[in-house]
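Peer 1: Sending over protein_14.txt (compact mmCIF, C-alpha atoms).
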```
# COMPACT_ATOMS: atom_id res chain seq x y z
CA MET A 237 31.42 42.84 168.64
CA GLU A 238 32.27 45.72 166.37
CA VAL A 239 30.88 49.13 167.31
CA LYS A 240 28.57 50.57 164.68
CA LYS A 241 28.62 54.27 163.83
CA ILE A 242 25.47 56.23 163.08
CA ILE A 243 24.93 59.91 162.30
CA ILE A 244 21.57 61.42 163.26
CA ILE A 245 20.42 64.85 162.10
CA GLY A 246 17.39 66.25 163.88
CA GLY A 247 16.05 67.62 167.10
CA ASP A 248 15.19 66.19 170.50
CA GLY A 249 12.21 64.31 169.07
CA THR A 250 14.29 62.67 166.35
CA PHE A 251 16.92 61.68 168.89
CA ASN A 252 14.23 60.29 171.19
CA GLU A 253 12.68 58.20 168.41
CA PHE A 254 16.08 56.85 167.41
CA THR A 255 17.23 55.89 170.89
CA ASN A 256 13.91 54.21 171.68
CA GLY A 257 14.12 52.27 168.41
CA LEU A 258 17.33 50.45 169.41
CA ASN A 259 17.63 47.85 172.13
CA ASP A 260 21.44 47.74 172.18
CA LEU A 261 22.56 51.37 172.29
CA GLU A 262 25.86 50.41 173.89
CA ASN A 263 26.93 48.83 170.56
CA TYR A 264 26.70 52.13 168.70
CA ASP A 265 28.69 55.34 168.49
CA ILE A 266 26.08 57.96 167.69
CA CYS A 267 26.87 61.33 166.15
CA PHE A 268 24.04 63.73 166.91
CA ILE A 269 23.89 66.79 164.69
CA PRO A 270 21.29 69.27 165.95
CA GLY A 271 18.74 70.15 163.31
CA GLY A 272 15.54 70.69 165.25
CA THR A 273 13.74 73.74 166.54
CA GLY A 274 14.92 73.91 170.15
CA ASN A 275 17.77 71.38 170.30
CA ASP A 276 17.71 71.40 174.10
CA PHE A 277 19.72 68.19 174.41
CA ALA A 278 22.47 69.33 172.03
CA TYR A 279 22.79 72.80 173.52
CA SER A 280 22.85 71.50 177.08
CA LEU A 281 25.89 69.43 176.09
CA GLY A 282 27.45 72.26 174.10
CA ILE A 283 27.25 70.39 170.80
CA TYR A 284 26.18 72.94 168.23
CA ASP A 285 29.22 73.42 165.95
CA ILE A 286 28.64 70.87 163.17
CA LYS A 287 32.26 70.87 161.95
CA LYS A 288 33.57 70.17 165.47
CA ILE A 289 30.93 67.48 165.98
CA LEU A 290 31.91 65.65 162.79
CA ASP A 291 35.66 66.06 163.40
CA LYS A 292 35.34 64.49 166.84
CA PHE A 293 33.19 61.65 165.52
CA ILE A 294 35.56 60.89 162.65
CA ASN A 295 38.52 60.90 165.09
CA ASN A 296 36.71 58.53 167.51
CA GLU A 297 36.46 61.18 170.24
CA VAL A 298 33.27 59.74 171.69
CA THR A 299 31.61 60.96 174.88
CA LYS A 300 29.44 58.42 176.65
CA VAL A 301 26.06 59.72 177.84
CA ASP A 302 23.90 58.03 180.44
CA TYR A 303 20.22 57.52 179.92
CA LEU A 304 17.46 56.09 182.05
CA THR A 305 14.58 53.82 181.19
CA VAL A 306 11.10 54.54 182.53
CA ASN A 307 8.30 52.10 181.70
CA GLY A 308 10.32 50.81 178.76
CA ASN A 309 11.05 54.27 177.34
CA LYS A 310 14.59 55.64 177.21
CA CYS A 311 15.00 59.22 178.45
CA LEU A 312 18.06 61.30 177.65
CA ASN A 313 17.40 64.84 178.70
CA VAL A 314 13.79 65.03 179.84
CA CYS A 315 11.60 62.72 181.80
CA GLY A 316 8.31 64.43 182.61
CA THR A 317 5.71 63.56 185.19
CA GLY A 318 2.84 65.55 186.59
CA LEU A 319 1.53 68.73 185.01
CA ASP A 320 3.77 68.76 181.92
CA THR A 321 2.77 65.21 181.07
CA GLU A 322 -0.93 65.94 181.57
CA VAL A 323 -0.72 69.01 179.31
CA LEU A 324 0.99 66.99 176.57
CA GLN A 325 -1.55 64.18 176.82
CA LYS A 326 -4.42 66.65 176.48
CA TYR A 327 -2.70 68.43 173.59
CA ASN A 328 -2.11 65.15 171.75
CA ALA A 329 -5.79 64.24 172.22
CA LEU A 330 -6.95 67.39 170.38
CA PRO A 331 -8.44 66.84 166.90
```
Step by step, read the file and then write its structure as structure tokens.
Peer 2:
Amino acid sequence: MEVKKIIIIGGDGTFNEFTNGLNDLENYDICFIPGGTGNDFAYSLGIYDIKKILDKFINNEVTKVDYLTVNGNKCLNVCGTGLDTEVLQKYNALP
């Protein structure tokens, strides 16, 4: 099967939504261009120079990144349990 190439521009939330929207991530080369507020995932990998990111992607210099699946959700850089999850649940429940 041919590998498909996709460019994503956004932050951690955008990347999370994208990766959880695909069932067959291994069939894609994904170019992630940080465009969010914090960009924790991108900065932790040292991917913040857009020209370098695109040059590597165009030249097929792909770095494989592991992810884990928890309760059907893919996690790339953060998987929270405990207090942080409870705070987010309460925040999301606010009107």
Peer 1: CA of Ile269 (chain A) and CA of Ile245 (chain A), how far apart in Å?
Peer 2: 4.7 Å
Peer 1: Report as a list in words all protein, DNA and RNA residues lying within 12 Å of Tyr284 (chain A), evaluated on only C-alpha atoms, omitting residues in the same chain fewer than 2 positions from it.
Peer 2: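 Contacts, in chain order: Ile245, Gly246, Gly247, Cys267, Phe268, Ile269, Pro270, Gly271, Gly272, Gly274, Asn275, Asp276, Phe277, Ala278, Tyr279, Ser280, Leu281, Gly282, Ile286, Lys287, Lys288, Ile289 and Leu290 of chain A.
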Peer 1: Around (17.4, 56.1, 166.8) in the file's own coordinates, what residues are found within 12 Å if you use only C-alpha atoms, given back as a list in words?
Peer 2: Lys241, Ile242, Ile243, Ile244, Ile245, Gly246, Gly247, Asp248, Gly249, Thr250, Phe251, Asn252, Glu253, Phe254, Thr255, Asn256, Gly257, Leu258, Asn259, Asp260, Leu261, Tyr264, Asp265, Ile266, Cys267, Phe268 and Lys310 of chain A
Peer 1: Would you work out the distance separating CA of Ile294 (chain A) from CA of Glu262 (chain A), expressed in Å to one decimal?
Peer 2: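 Separating CA of Ile294 (chain A) from CA of Glu262 (chain A) is a distance of 18.2 Å.
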Peer 1: Enter the distance from CA of Asn309 (chain A) to CA of Gln325 (chain A), in Å, rounded to one decimal.
Peer 2: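 One can read the CA of Asn309 (chain A) to CA of Gln325 (chain A) distance as 16.0 Å.
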